[in-house]
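Student: Shown below is the structure under consideration.
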Amino acid sequence: MPRSSSLSGADRYNFMLALTGYLINNRQQKLSDLANHFQVTEKEIRSAVVTISLSGVGLYRPDELFFLDYDLLEEGIVDLSFAPTLEAVPRLSTRQAAAIASGLSYLMNLVDINDQVQIKELLEILGRGASTTKELPFVVQPNPGDRDLALVRQAVAESRALKCSYINSAGEITEREIEPQLLESREANWFLKGFCRSNQELRVFRLDRMREIVLLQQFGERELTGVDSDHIYSVRKSDTDVLFEVEPEAFALIADYKPEFEISGNKSVQVRIPIGQLESLGRIVARYSGKVRVLAPAEARLAVREFAQRALGQRRPEAVAE
Amino acid sequence: MPEKIDLSERLFNLTCALLVARNGLSKAEIFATVQGYKETYEPRGDQTAINRMFERDKTLLTSAGIPWRSFIPQEAMGDNQEFRYLIANEDFVWPKGLTLTSKQVALLNLAAQVWAKASLSADANRAIHRIRAMGEMADGSSLIGIAPRIRTHEPCFLPLSTAIESCSRVSFDYLKPGESEFSVRNIEPWSLQNIGGQWLLIGFDLDRDEPRNFLLRRIVSEIDIQDVTFEAPETGEVAKALADLELHKLSQNAKLKTSTGSAAWFHFDLAAGQTEFEVNFMDLYLFAEELMEFADEIEVLEPQPLADLIRANLQRVSDLHA
C-alpha cells in the first residue's frame, strides 16, 4: 500500500535518482503502478518526474537531457525519455549497503536453506554494489537463534497451528494450541504473536519458553486486531501503571516495552509502562541489575524486592561473598 | 525571479551535470550552469556562500554513495591549476549484468524492515528505492509473518558509524563494569559489530596500543569525532579481532544447575531429567545479567566470580526497592 508520507531533502534526491534509473528501462508506466512499485504516493511520483524533466543540466538546455510526455501524464502514464548518458540505477552508498547487509545476515537463521543460499549470494552482490571497496562500517553477526525457530517459522509461513508445552512468567507449565500470526524479535529474543486456543485470545509467547513443539493442521482466517502493532505486548485495562527510572545502559527496556517513547541523550529518564502481571516484574527489573528502578506504586516495588530476596535466599551459603 | 530550487533538486541537477560532463566541470562552470547554483551566482561577486553550498553538496553526494572525482587536467599544469569535477558512470551504476530475482527483492525488503524505526531506517529505505529501481517486484509469499528487528537505541551508534566511514579518530568516556569512575578512551574506530543483540565497537586503542572492544551501552559520553584521520585497518584485522573474541568466549565456561521444569530449564533447552549444564560466555557481566531473570531458580556451581556478581546484583536490586 502506498505510504502517505512525503519525501524531502536527501530522501527525495535519492528517490529521483532511483526513479530515473527505473524509467530508463521501463517506458510508459502507469502512475498507479509506479506508486505501488516504489511504495510512495502518485502525487510524489508526479512531482518527482516533473522535477526530473525540468532538470537543466550543465551546458545543455532542459529538454536535451530529459523529455516528459505531459499529454500522457495527464492520462496517468509516465513516459520519460533520456539522453543516452544516464544509463542506470545508482549503486548503494556505504551506509545503505551496510544497513541492508546487516539485515540480511540477521535473517540468515530465520529463513529456510534455499533462502540462505540466496542471502549469501545477495551479500556478495552488496559487496560489489556498494560504492566503496572498504569493509562495511557495521555488521550484524547472524543470530544463533532459538532451536525451535525454524519450526515456528514454518508454522507461520504455512498458516499451521502448533501445539507446545509453555511455561509462563509465573512458572506454570501448560499445554497450548496456538494459531501463529507473527514472529518477532527483539535482539536475541524471539516472540510469537498468535491466537491462543486455550485462552481464546491473541497472546504473545516467548520462544525460549516453548518446548515439544508439534505442527498441526492449517487454520482458517480469523479477525484479529493488534497483530502488527509495534508493541510486543498489548495493553489491558487490568494492567498496573508502573513508574520506572531507567539509566542509559538499560534503555533497551524502554525499546521493548514502550517503543514510541523518544529516547535521547545520556541521562536517566522516568517512564510509565503498563505491566500485566506484577509477579513477573522482578524478573524484568532484575535483568538490568540495578540500572532500572521501580519508583511507584508501592506494590510494584515490593514485587521486585520479593523476587530479589527470594533469589538471594536460594543461593548456596558457600557462594556468599562475605 | 526563478522559482526557488530545493535541496533535492539542486543535488539531482548537480549529479546529472557531473555525470554528463565527460571532461568534468570547473567550479565556475557548475555555478554558472547548474540549476540551484546559477540563480544566485555572480561571477564578480562574493563567492563565500556559494562555495560553502558546493562544499556541503559534495559531502552530501559522498554520503549518498555518489562518488565524484576531482582532478587537475594535464594541459593546465601551468599556473592556472583549477580542479574539475565529474562522476564516472562506472562508479555510479550497479555492476553490469546484475539482475535480482523477485525472491531476492523480497529478502532485501525484509532486510530493510529489520531496522524498523531504528536510526538506520532512512538509509535502509533509500537502499530499497534503489533496489526497486532495478525493476523486479518482490515475491515474499513465504516471508509473510516475520518481523525481525535490530535496534540501535545507543545514541553513539550513528556518530561512530560516521567516524568509521571517514576514518576519523574518536574519543569518549567509557565506564567499565565494576568500576565507579569512567575513563577517557582515544580510539581509531574500525567496525561496529552486533553480536547476540549487543553492539560492540572494535577499534585501536591509542593509549593501550592494541585493538580493543567496547560495548556501546557502556559509552557514557557523546562521541568526540576528531579532525585526525587514520589509515583504515588492513583486511583481516577486524576478522582477527572477532576471532579473538570467539576464542575468548570458548575459554570462559560456567557450570550451572537448575531444576527440571523451570523457566531456565526451558530457556537452555535442557533434556528431560537434566539439571546440570555448561554455558560459554563472552563477558562475565553481560552473562550475569542474562542469568538474572532466572536468579531464583539457578545455582552457579562455577566460576565463583559469576556467583558473586549475581548475588551482588540481587542485593543492589533489593536495596533499591527497600
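Chain labels follow the order of the C-alpha cells: the first chain is A, the next B, and so on; residue numbering restarts at 1 in every chain, and ligands are counted from 1 in their shown order.
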Starting from chain A, keep only residues with some atom at most 6 Å from an atom of chain B, counting only C-alpha atoms, and report them as number ranges by chain.

Tutor: A: 9, 12-13, 18, 22, 55, 57-58, 85, 88-93, 96, 99-100, 103-104, 129, 131, 137-141, 157, 182-188, 208-209, 249, 283, 286-287, 289-290, 301, 305, 308, 311, 321

Student: Excluding B:Phe281 and its own-chain neighbours fewer than 5 positions away, which residues fall within 9 Å of it when counting only C-alpha atoms? Please give them as a PyMOL selection string.

Tutor: chain B and resi 248-254+286-287

Student: Select from stretch 79-295 of chain A everything DSSP, run on the backbone, classes as strand (DSSP E), then give the selection as JSON, numbers by chain.

Tutor: {"A": [80, 81, 82, 138, 139, 140, 160, 161, 162, 163, 164, 165, 166, 167, 173, 174, 175, 176, 177, 178, 179, 180, 181, 182, 183, 184, 185, 186, 189, 190, 191, 192, 193, 194, 195, 196, 201, 202, 203, 204, 205, 206, 210, 211, 212, 213, 214, 215, 216, 217, 218, 240, 241, 242, 243, 244, 245, 246, 269, 270, 271, 272, 273, 274, 275, 292, 293, 294, 295]}

Student: Using only C-alpha atoms, which of the listed residues (A:Val246, A:Leu253, A:Leu312, A:Leu110) sits closest to A:Leu295?

Tutor: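 Closest residue, counting only C-alpha atoms: A:Val246.
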
Student: Which is closer to A:Glu75 than all the others in A:Leu31, A:Ala298, A:Val269, A:Leu19, using only C-alpha atoms?

Tutor: A:Leu31

Student: Which residues are close to B:Glu82, i.e. within 9 Å by only C-alpha atoms, leaving aside same-chain residues fewer than 4 positions away? Reply as a list in words.

Tutor: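 Here the answer would be Ser26, Lys27, Phe71, Ile72, Pro73 and Ala76 of chain B.
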
Student: Store the residues picked out above, limited to N, CA and C atoms, as a compact mmCIF listing (two decimals), in the first residue's frame.

Tutor:
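The resulting file, selection_34.txt, is reproduced below:
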```txt
# COMPACT_ATOMS: atom_id res chain seq x y z
N SER B 26 34.44 22.72 -14.22
CA SER B 26 35.12 23.51 -13.20
C SER B 26 34.05 24.08 -12.26
N LYS B 27 34.49 24.57 -11.13
CA LYS B 27 33.55 25.15 -10.18
C LYS B 27 32.78 26.30 -10.83
N PHE B 71 39.97 16.44 -10.37
CA PHE B 71 41.30 16.28 -10.97
C PHE B 71 41.74 17.61 -11.58
N ILE B 72 43.03 17.72 -11.78
CA ILE B 72 43.57 18.88 -12.49
C ILE B 72 44.04 18.40 -13.85
N PRO B 73 43.47 18.95 -14.93
CA PRO B 73 43.81 18.45 -16.26
C PRO B 73 45.29 18.63 -16.57
N ALA B 76 46.60 21.81 -18.07
CA ALA B 76 46.54 23.03 -17.26
C ALA B 76 47.56 23.00 -16.13
```

Student: What separation in Å, quoted to one decimal, exists between atom CA of B:Asn280 and atom CA of A:Tyr257?

Tutor: 28.9 Å

Student: What does the distance between atom CA of B:Glu179 and atom CA of A:Ile263 come to in Å, to one decimal place?

Tutor: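 Rounded to one decimal, the two atoms are 25.3 Å apart.
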
Student: Which of stretch 209-321 of chain B end up as helix (DSSP H, G or I) when DSSP is run on this backbone - answer as a PDB file with N, CA and C atoms, in the first residue's frame?

Tutor:
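As a result, out_1.pdb now contains:
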```pdb
ATOM      1  N   LEU B 216      28.768  -0.647  23.288  1.00  0.00           N
ATOM      2  CA  LEU B 216      28.218   0.692  23.071  1.00  0.00           C
ATOM      3  C   LEU B 216      27.417   1.190  24.269  1.00  0.00           C
ATOM      4  N   ARG B 217      26.731   0.275  24.947  1.00  0.00           N
ATOM      5  CA  ARG B 217      25.900   0.731  26.060  1.00  0.00           C
ATOM      6  C   ARG B 217      26.725   1.183  27.252  1.00  0.00           C
ATOM      7  N   ARG B 218      28.037   0.912  27.233  1.00  0.00           N
ATOM      8  CA  ARG B 218      28.870   1.377  28.342  1.00  0.00           C
ATOM      9  C   ARG B 218      29.589   2.685  28.014  1.00  0.00           C
ATOM     10  N   GLU B 237      42.043  -7.551   9.767  1.00  0.00           N
ATOM     11  CA  GLU B 237      42.263  -7.101  11.147  1.00  0.00           C
ATOM     12  C   GLU B 237      40.987  -7.229  11.974  1.00  0.00           C
ATOM     13  N   VAL B 238      39.870  -6.808  11.371  1.00  0.00           N
ATOM     14  CA  VAL B 238      38.593  -6.898  12.080  1.00  0.00           C
ATOM     15  C   VAL B 238      38.232  -8.366  12.298  1.00  0.00           C
ATOM     16  N   ALA B 239      38.429  -9.169  11.254  1.00  0.00           N
ATOM     17  CA  ALA B 239      38.133 -10.598  11.364  1.00  0.00           C
ATOM     18  C   ALA B 239      38.976 -11.237  12.470  1.00  0.00           C
ATOM     19  N   LYS B 240      40.226 -10.788  12.595  1.00  0.00           N
ATOM     20  CA  LYS B 240      41.104 -11.333  13.626  1.00  0.00           C
ATOM     21  C   LYS B 240      40.586 -10.946  15.013  1.00  0.00           C
ATOM     22  N   ALA B 241      40.171  -9.690  15.147  1.00  0.00           N
ATOM     23  CA  ALA B 241      39.631  -9.240  16.430  1.00  0.00           C
ATOM     24  C   ALA B 241      38.388 -10.063  16.798  1.00  0.00           C
ATOM     25  N   LEU B 242      37.567 -10.361  15.781  1.00  0.00           N
ATOM     26  CA  LEU B 242      36.367 -11.162  16.030  1.00  0.00           C
ATOM     27  C   LEU B 242      36.727 -12.591  16.432  1.00  0.00           C
ATOM     28  N   ALA B 243      37.733 -13.131  15.755  1.00  0.00           N
ATOM     29  CA  ALA B 243      38.155 -14.497  16.062  1.00  0.00           C
ATOM     30  C   ALA B 243      38.712 -14.565  17.490  1.00  0.00           C
ATOM     31  N   ASP B 244      39.466 -13.527  17.888  1.00  0.00           N
ATOM     32  CA  ASP B 244      39.991 -13.468  19.258  1.00  0.00           C
ATOM     33  C   ASP B 244      38.855 -13.461  20.275  1.00  0.00           C
ATOM     34  N   LEU B 245      37.812 -12.729  19.914  1.00  0.00           N
ATOM     35  CA  LEU B 245      36.658 -12.628  20.796  1.00  0.00           C
ATOM     36  C   LEU B 245      35.996 -13.998  20.961  1.00  0.00           C
ATOM     37  N   GLU B 246      35.907 -14.726  19.851  1.00  0.00           N
ATOM     38  CA  GLU B 246      35.289 -16.044  19.862  1.00  0.00           C
ATOM     39  C   GLU B 246      36.140 -17.012  20.702  1.00  0.00           C
ATOM     40  N   LEU B 247      37.464 -16.916  20.549  1.00  0.00           N
ATOM     41  CA  LEU B 247      38.366 -17.754  21.359  1.00  0.00           C
ATOM     42  C   LEU B 247      38.188 -17.447  22.840  1.00  0.00           C
ATOM     43  N   HIS B 248      38.090 -16.162  23.122  1.00  0.00           N
ATOM     44  CA  HIS B 248      37.906 -15.730  24.498  1.00  0.00           C
ATOM     45  C   HIS B 248      36.619 -16.340  25.072  1.00  0.00           C
ATOM     46  N   LYS B 249      35.568 -16.333  24.242  1.00  0.00           N
ATOM     47  CA  LYS B 249      34.288 -16.892  24.679  1.00  0.00           C
ATOM     48  C   LYS B 249      34.423 -18.383  24.974  1.00  0.00           C
ATOM     49  N   LEU B 250      35.148 -19.084  24.103  1.00  0.00           N
ATOM     50  CA  LEU B 250      35.298 -20.522  24.295  1.00  0.00           C
ATOM     51  C   LEU B 250      36.085 -20.845  25.571  1.00  0.00           C
ATOM     52  N   SER B 251      36.911 -19.889  26.006  1.00  0.00           N
ATOM     53  CA  SER B 251      37.718 -20.145  27.201  1.00  0.00           C
ATOM     54  C   SER B 251      36.951 -19.846  28.488  1.00  0.00           C
ATOM     55  N   ALA B 263      11.849 -22.223  34.295  1.00  0.00           N
ATOM     56  CA  ALA B 263      11.963 -21.384  33.098  1.00  0.00           C
ATOM     57  C   ALA B 263      13.373 -21.480  32.519  1.00  0.00           C
ATOM     58  N   ALA B 264      14.373 -21.618  33.405  1.00  0.00           N
ATOM     59  CA  ALA B 264      15.756 -21.764  32.935  1.00  0.00           C
ATOM     60  C   ALA B 264      15.922 -23.081  32.174  1.00  0.00           C
ATOM     61  N   TRP B 265      15.257 -24.118  32.671  1.00  0.00           N
ATOM     62  CA  TRP B 265      15.307 -25.435  32.010  1.00  0.00           C
ATOM     63  C   TRP B 265      14.719 -25.319  30.602  1.00  0.00           C
ATOM     64  N   PHE B 266      13.656 -24.553  30.464  1.00  0.00           N
ATOM     65  CA  PHE B 266      13.086 -24.282  29.131  1.00  0.00           C
ATOM     66  C   PHE B 266      14.064 -23.457  28.299  1.00  0.00           C
ATOM     67  N   HIS B 267      14.569 -22.366  28.907  1.00  0.00           N
ATOM     68  CA  HIS B 267      15.400 -21.404  28.179  1.00  0.00           C
ATOM     69  C   HIS B 267      16.654 -22.061  27.606  1.00  0.00           C
ATOM     70  N   LEU B 284      31.613 -11.618  31.465  1.00  0.00           N
ATOM     71  CA  LEU B 284      31.088 -12.059  32.755  1.00  0.00           C
ATOM     72  C   LEU B 284      29.876 -11.227  33.191  1.00  0.00           C
ATOM     73  N   TYR B 285      29.995  -9.914  33.011  1.00  0.00           N
ATOM     74  CA  TYR B 285      28.934  -9.015  33.474  1.00  0.00           C
ATOM     75  C   TYR B 285      27.658  -9.171  32.651  1.00  0.00           C
ATOM     76  N   LEU B 286      27.848  -9.287  31.317  1.00  0.00           N
ATOM     77  CA  LEU B 286      26.683  -9.474  30.456  1.00  0.00           C
ATOM     78  C   LEU B 286      25.999 -10.800  30.761  1.00  0.00           C
ATOM     79  N   PHE B 287      26.805 -11.829  30.992  1.00  0.00           N
ATOM     80  CA  PHE B 287      26.238 -13.148  31.243  1.00  0.00           C
ATOM     81  C   PHE B 287      25.492 -13.159  32.577  1.00  0.00           C
ATOM     82  N   ALA B 288      26.056 -12.478  33.574  1.00  0.00           N
ATOM     83  CA  ALA B 288      25.360 -12.378  34.858  1.00  0.00           C
ATOM     84  C   ALA B 288      23.989 -11.727  34.664  1.00  0.00           C
ATOM     85  N   GLU B 289      23.943 -10.689  33.833  1.00  0.00           N
ATOM     86  CA  GLU B 289      22.668 -10.026  33.575  1.00  0.00           C
ATOM     87  C   GLU B 289      21.685 -10.960  32.885  1.00  0.00           C
ATOM     88  N   GLU B 290      22.221 -11.746  31.932  1.00  0.00           N
ATOM     89  CA  GLU B 290      21.351 -12.678  31.209  1.00  0.00           C
ATOM     90  C   GLU B 290      20.729 -13.688  32.172  1.00  0.00           C
ATOM     91  N   LEU B 291      21.492 -14.049  33.213  1.00  0.00           N
ATOM     92  CA  LEU B 291      21.006 -15.063  34.154  1.00  0.00           C
ATOM     93  C   LEU B 291      20.086 -14.473  35.228  1.00  0.00           C
ATOM     94  N   MET B 292      20.058 -13.141  35.346  1.00  0.00           N
ATOM     95  CA  MET B 292      19.337 -12.518  36.457  1.00  0.00           C
ATOM     96  C   MET B 292      17.859 -12.887  36.495  1.00  0.00           C
ATOM     97  N   GLN B 304      33.234 -18.872  40.582  1.00  0.00           N
ATOM     98  CA  GLN B 304      32.797 -18.146  41.762  1.00  0.00           C
ATOM     99  C   GLN B 304      32.508 -16.659  41.480  1.00  0.00           C
ATOM    100  N   PRO B 305      33.334 -15.982  40.665  1.00  0.00           N
ATOM    101  CA  PRO B 305      33.034 -14.565  40.405  1.00  0.00           C
ATOM    102  C   PRO B 305      31.633 -14.351  39.821  1.00  0.00           C
ATOM    103  N   LEU B 306      31.163 -15.316  39.015  1.00  0.00           N
ATOM    104  CA  LEU B 306      29.820 -15.191  38.436  1.00  0.00           C
ATOM    105  C   LEU B 306      28.770 -15.280  39.535  1.00  0.00           C
ATOM    106  N   ALA B 307      28.947 -16.240  40.436  1.00  0.00           N
ATOM    107  CA  ALA B 307      28.013 -16.388  41.554  1.00  0.00           C
ATOM    108  C   ALA B 307      28.011 -15.121  42.413  1.00  0.00           C
ATOM    109  N   ASP B 308      29.211 -14.578  42.671  1.00  0.00           N
ATOM    110  CA  ASP B 308      29.316 -13.364  43.490  1.00  0.00           C
ATOM    111  C   ASP B 308      28.624 -12.186  42.827  1.00  0.00           C
ATOM    112  N   LEU B 309      28.813 -12.096  41.532  1.00  0.00           N
ATOM    113  CA  LEU B 309      28.248 -10.978  40.779  1.00  0.00           C
ATOM    114  C   LEU B 309      26.721 -11.020  40.812  1.00  0.00           C
ATOM    115  N   ILE B 310      26.160 -12.202  40.610  1.00  0.00           N
ATOM    116  CA  ILE B 310      24.706 -12.328  40.623  1.00  0.00           C
ATOM    117  C   ILE B 310      24.168 -11.959  41.999  1.00  0.00           C
ATOM    118  N   ARG B 311      24.888 -12.413  42.998  1.00  0.00           N
ATOM    119  CA  ARG B 311      24.470 -12.111  44.361  1.00  0.00           C
ATOM    120  C   ARG B 311      24.511 -10.594  44.634  1.00  0.00           C
ATOM    121  N   ALA B 312      25.595  -9.958  44.188  1.00  0.00           N
ATOM    122  CA  ALA B 312      25.717  -8.509  44.383  1.00  0.00           C
ATOM    123  C   ALA B 312      24.623  -7.760  43.621  1.00  0.00           C
ATOM    124  N   ASN B 313      24.339  -8.226  42.401  1.00  0.00           N
ATOM    125  CA  ASN B 313      23.265  -7.606  41.610  1.00  0.00           C
ATOM    126  C   ASN B 313      21.930  -7.716  42.330  1.00  0.00           C
ATOM    127  N   LEU B 314      21.661  -8.902  42.853  1.00  0.00           N
ATOM    128  CA  LEU B 314      20.381  -9.117  43.548  1.00  0.00           C
ATOM    129  C   LEU B 314      20.288  -8.211  44.777  1.00  0.00           C
ATOM    130  N   GLN B 315      21.419  -8.109  45.489  1.00  0.00           N
ATOM    131  CA  GLN B 315      21.429  -7.267  46.683  1.00  0.00           C
ATOM    132  C   GLN B 315      21.137  -5.814  46.305  1.00  0.00           C
ATOM    133  N   ARG B 316      21.729  -5.373  45.196  1.00  0.00           N
ATOM    134  CA  ARG B 316      21.503  -3.992  44.760  1.00  0.00           C
ATOM    135  C   ARG B 316      20.036  -3.779  44.385  1.00  0.00           C
ATOM    136  N   VAL B 317      19.466  -4.739  43.634  1.00  0.00           N
ATOM    137  CA  VAL B 317      18.058  -4.625  43.253  1.00  0.00           C
ATOM    138  C   VAL B 317      17.189  -4.575  44.507  1.00  0.00           C
ATOM    139  N   SER B 318      17.502  -5.421  45.450  1.00  0.00           N
ATOM    140  CA  SER B 318      16.729  -5.454  46.691  1.00  0.00           C
ATOM    141  C   SER B 318      16.841  -4.120  47.439  1.00  0.00           C
ATOM    142  N   ASP B 319      18.064  -3.612  47.571  1.00  0.00           N
ATOM    143  CA  ASP B 319      18.279  -2.342  48.284  1.00  0.00           C
ATOM    144  C   ASP B 319      17.565  -1.179  47.602  1.00  0.00           C
ATOM    145  N   LEU B 320      17.599  -1.185  46.279  1.00  0.00           N
ATOM    146  CA  LEU B 320      16.971  -0.083  45.537  1.00  0.00           C
ATOM    147  C   LEU B 320      15.457  -0.070  45.716  1.00  0.00           C
TER     148      LEU B 320
END
```

Student: Can you pull out the residues contacting stretch 215-227 of chain A? Cut-off 10 Å, using only C-alpha atoms, and skip same-chain residues under 6 positions away; I want them as an MDAnalysis selection string.

Tutor: (chainID A and resid 151:152 154:156 158:164 177:182 193:195 201:204 233:234) or (chainID B and resid 145)

Student: Take the residues from that selection and put them in a file with C-alpha atoms, as a PDB file, in the first residue's frame.

Tutor:
```pdb
ATOM      1  CA  LEU A 151       9.776 -24.957  13.129  1.00  0.00           C
ATOM      2  CA  VAL A 152       7.777 -21.958  14.347  1.00  0.00           C
ATOM      3  CA  GLN A 154       7.390 -22.908   9.118  1.00  0.00           C
ATOM      4  CA  ALA A 155       4.138 -22.825  11.072  1.00  0.00           C
ATOM      5  CA  VAL A 156       3.774 -19.085  10.384  1.00  0.00           C
ATOM      6  CA  GLU A 158       2.174 -22.342   6.184  1.00  0.00           C
ATOM      7  CA  SER A 159      -0.581 -20.975   8.466  1.00  0.00           C
ATOM      8  CA  ARG A 160      -0.493 -24.125  10.553  1.00  0.00           C
ATOM      9  CA  ALA A 161      -1.443 -24.255  14.192  1.00  0.00           C
ATOM     10  CA  LEU A 162       1.096 -25.588  16.645  1.00  0.00           C
ATOM     11  CA  LYS A 163       0.952 -27.425  19.924  1.00  0.00           C
ATOM     12  CA  CYS A 164       3.569 -26.920  22.611  1.00  0.00           C
ATOM     13  CA  GLU A 177      -2.556 -24.766  20.932  1.00  0.00           C
ATOM     14  CA  ILE A 178      -1.579 -21.608  19.074  1.00  0.00           C
ATOM     15  CA  GLU A 179      -2.529 -20.214  15.677  1.00  0.00           C
ATOM     16  CA  PRO A 180       0.683 -18.311  14.898  1.00  0.00           C
ATOM     17  CA  GLN A 181       0.379 -14.893  13.264  1.00  0.00           C
ATOM     18  CA  LEU A 182       3.627 -13.023  13.583  1.00  0.00           C
ATOM     19  CA  LYS A 193       2.133 -13.458  18.447  1.00  0.00           C
ATOM     20  CA  GLY A 194      -0.765 -15.784  17.910  1.00  0.00           C
ATOM     21  CA  PHE A 195      -4.297 -16.749  18.778  1.00  0.00           C
ATOM     22  CA  GLU A 201      -7.466 -14.583  22.568  1.00  0.00           C
ATOM     23  CA  LEU A 202      -4.391 -13.061  20.955  1.00  0.00           C
ATOM     24  CA  ARG A 203      -1.345 -13.678  23.133  1.00  0.00           C
ATOM     25  CA  VAL A 204       2.403 -13.208  22.994  1.00  0.00           C
ATOM     26  CA  TYR A 233       2.704  -6.799  24.413  1.00  0.00           C
ATOM     27  CA  SER A 234      -0.734  -5.248  24.185  1.00  0.00           C
TER      28      SER A 234
ATOM     29  CA  GLY B 145       4.534 -13.155   9.158  1.00  0.00           C
TER      30      GLY B 145
END
```

Student: Which residues are close to stretch 40-52 of chain A, i.e. within 8 Å by only C-alpha atoms, leaving aside same-chain residues fewer than 4 positions away? Reply as a PDB file with N, CA and C atoms, in the first residue's frame.

Tutor:
```
ATOM      1  N   PRO A   2       0.639   2.193  -0.926  1.00  0.00           N
ATOM      2  CA  PRO A   2       1.472   3.394  -0.959  1.00  0.00           C
ATOM      3  C   PRO A   2       1.398   4.165   0.350  1.00  0.00           C
ATOM      4  N   ARG A   3       2.538   4.637   0.787  1.00  0.00           N
ATOM      5  CA  ARG A   3       2.559   5.390   2.024  1.00  0.00           C
ATOM      6  C   ARG A   3       2.170   6.835   1.736  1.00  0.00           C
ATOM      7  N   SER A   4       1.799   7.542   2.776  1.00  0.00           N
ATOM      8  CA  SER A   4       1.325   8.899   2.560  1.00  0.00           C
ATOM      9  C   SER A   4       2.407   9.934   2.853  1.00  0.00           C
ATOM     10  N   SER A   5       3.470   9.514   3.537  1.00  0.00           N
ATOM     11  CA  SER A   5       4.475  10.492   3.927  1.00  0.00           C
ATOM     12  C   SER A   5       5.124  11.091   2.690  1.00  0.00           C
ATOM     13  N   SER A   6       5.473  12.353   2.745  1.00  0.00           N
ATOM     14  CA  SER A   6       6.084  12.959   1.576  1.00  0.00           C
ATOM     15  C   SER A   6       7.595  12.980   1.761  1.00  0.00           C
ATOM     16  N   LEU A   7       8.278  12.902   0.637  1.00  0.00           N
ATOM     17  CA  LEU A   7       9.731  12.828   0.675  1.00  0.00           C
ATOM     18  C   LEU A   7      10.314  14.228   0.618  1.00  0.00           C
ATOM     19  N   ARG A  12      14.310  12.572  -1.060  1.00  0.00           N
ATOM     20  CA  ARG A  12      13.725  12.857  -2.371  1.00  0.00           C
ATOM     21  C   ARG A  12      14.800  12.789  -3.455  1.00  0.00           C
ATOM     22  N   MET A  16      14.626  10.376  -6.619  1.00  0.00           N
ATOM     23  CA  MET A  16      14.678  10.822  -8.013  1.00  0.00           C
ATOM     24  C   MET A  16      15.762  10.069  -8.789  1.00  0.00           C
ATOM     25  N   THR A  20      14.645   7.735 -11.867  1.00  0.00           N
ATOM     26  CA  THR A  20      15.247   7.971 -13.178  1.00  0.00           C
ATOM     27  C   THR A  20      15.815   6.664 -13.727  1.00  0.00           C
ATOM     28  N   LEU A  31       1.072   5.681 -13.529  1.00  0.00           N
ATOM     29  CA  LEU A  31       1.364   6.315 -12.243  1.00  0.00           C
ATOM     30  C   LEU A  31       1.062   5.368 -11.082  1.00  0.00           C
ATOM     31  N   SER A  32      -0.102   4.701 -11.202  1.00  0.00           N
ATOM     32  CA  SER A  32      -0.521   3.841 -10.087  1.00  0.00           C
ATOM     33  C   SER A  32       0.438   2.660  -9.907  1.00  0.00           C
ATOM     34  N   LEU A  34       3.630   2.673 -10.703  1.00  0.00           N
ATOM     35  CA  LEU A  34       4.874   3.202 -10.136  1.00  0.00           C
ATOM     36  C   LEU A  34       4.733   3.417  -8.636  1.00  0.00           C
ATOM     37  N   ALA A  35       3.567   3.980  -8.244  1.00  0.00           N
ATOM     38  CA  ALA A  35       3.330   4.239  -6.824  1.00  0.00           C
ATOM     39  C   ALA A  35       3.395   2.931  -6.049  1.00  0.00           C
ATOM     40  N   ASN A  36       2.819   1.899  -6.640  1.00  0.00           N
ATOM     41  CA  ASN A  36       2.809   0.603  -5.995  1.00  0.00           C
ATOM     42  C   ASN A  36       4.210  -0.006  -5.940  1.00  0.00           C
ATOM     43  N   PHE A  66      16.237  15.290 -20.679  1.00  0.00           N
ATOM     44  CA  PHE A  66      15.032  14.542 -20.337  1.00  0.00           C
ATOM     45  C   PHE A  66      13.860  15.094 -21.127  1.00  0.00           C
ATOM     46  N   LEU A  68       9.658  14.725 -20.998  1.00  0.00           N
ATOM     47  CA  LEU A  68       8.483  14.128 -20.369  1.00  0.00           C
ATOM     48  C   LEU A  68       7.275  14.384 -21.247  1.00  0.00           C
ATOM     49  N   VAL A  78       3.354   7.692 -17.169  1.00  0.00           N
ATOM     50  CA  VAL A  78       4.639   8.381 -17.131  1.00  0.00           C
ATOM     51  C   VAL A  78       5.501   7.862 -18.265  1.00  0.00           C
ATOM     52  N   LEU A  80       9.058   9.029 -19.773  1.00  0.00           N
ATOM     53  CA  LEU A  80      10.180   9.939 -19.673  1.00  0.00           C
ATOM     54  C   LEU A  80      11.276   9.397 -20.571  1.00  0.00           C
TER      55      LEU A  80
ATOM     56  N   GLU B   9      16.434  18.933  -5.517  1.00  0.00           N
ATOM     57  CA  GLU B   9      16.540  19.272  -6.937  1.00  0.00           C
ATOM     58  C   GLU B   9      17.950  19.734  -7.286  1.00  0.00           C
ATOM     59  N   PHE B  12      20.165  16.747  -7.447  1.00  0.00           N
ATOM     60  CA  PHE B  12      19.868  15.950  -8.639  1.00  0.00           C
ATOM     61  C   PHE B  12      20.487  16.592  -9.881  1.00  0.00           C
TER      62      PHE B  12
END
```

Student: Using Å and a single decimal, report how far atom CA of B:Lys255 sits from atom CA of A:Phe205.

Tutor: 28.0 Å

Student: Write out as a ChimeraX atom specification the residues lying within 8 Å of A:Glu306, counting only C-alpha atoms and excluding same-chain residues fewer than 3 positions away.

Tutor: /A:282,302-303,309-310 /B:318

Student: Would you export the selected residues with C-alpha atoms as a short mmCIF file (atom, residue, chain, number, x, y, z; two decimals), in the first residue's frame, please?

Tutor:
```
data_model
loop_
_atom_site.label_atom_id
_atom_site.label_comp_id
_atom_site.auth_asym_id
_atom_site.auth_seq_id
_atom_site.Cartn_x
_atom_site.Cartn_y
_atom_site.Cartn_z
CA GLY A 282 11.03 -8.82 39.48
CA LEU A 302 7.50 -4.83 46.79
CA ALA A 303 7.17 -7.38 43.98
CA GLN A 309 15.05 -11.63 48.33
CA ARG A 310 13.70 -14.98 47.19
CA SER B 318 16.73 -5.45 46.69
#
```
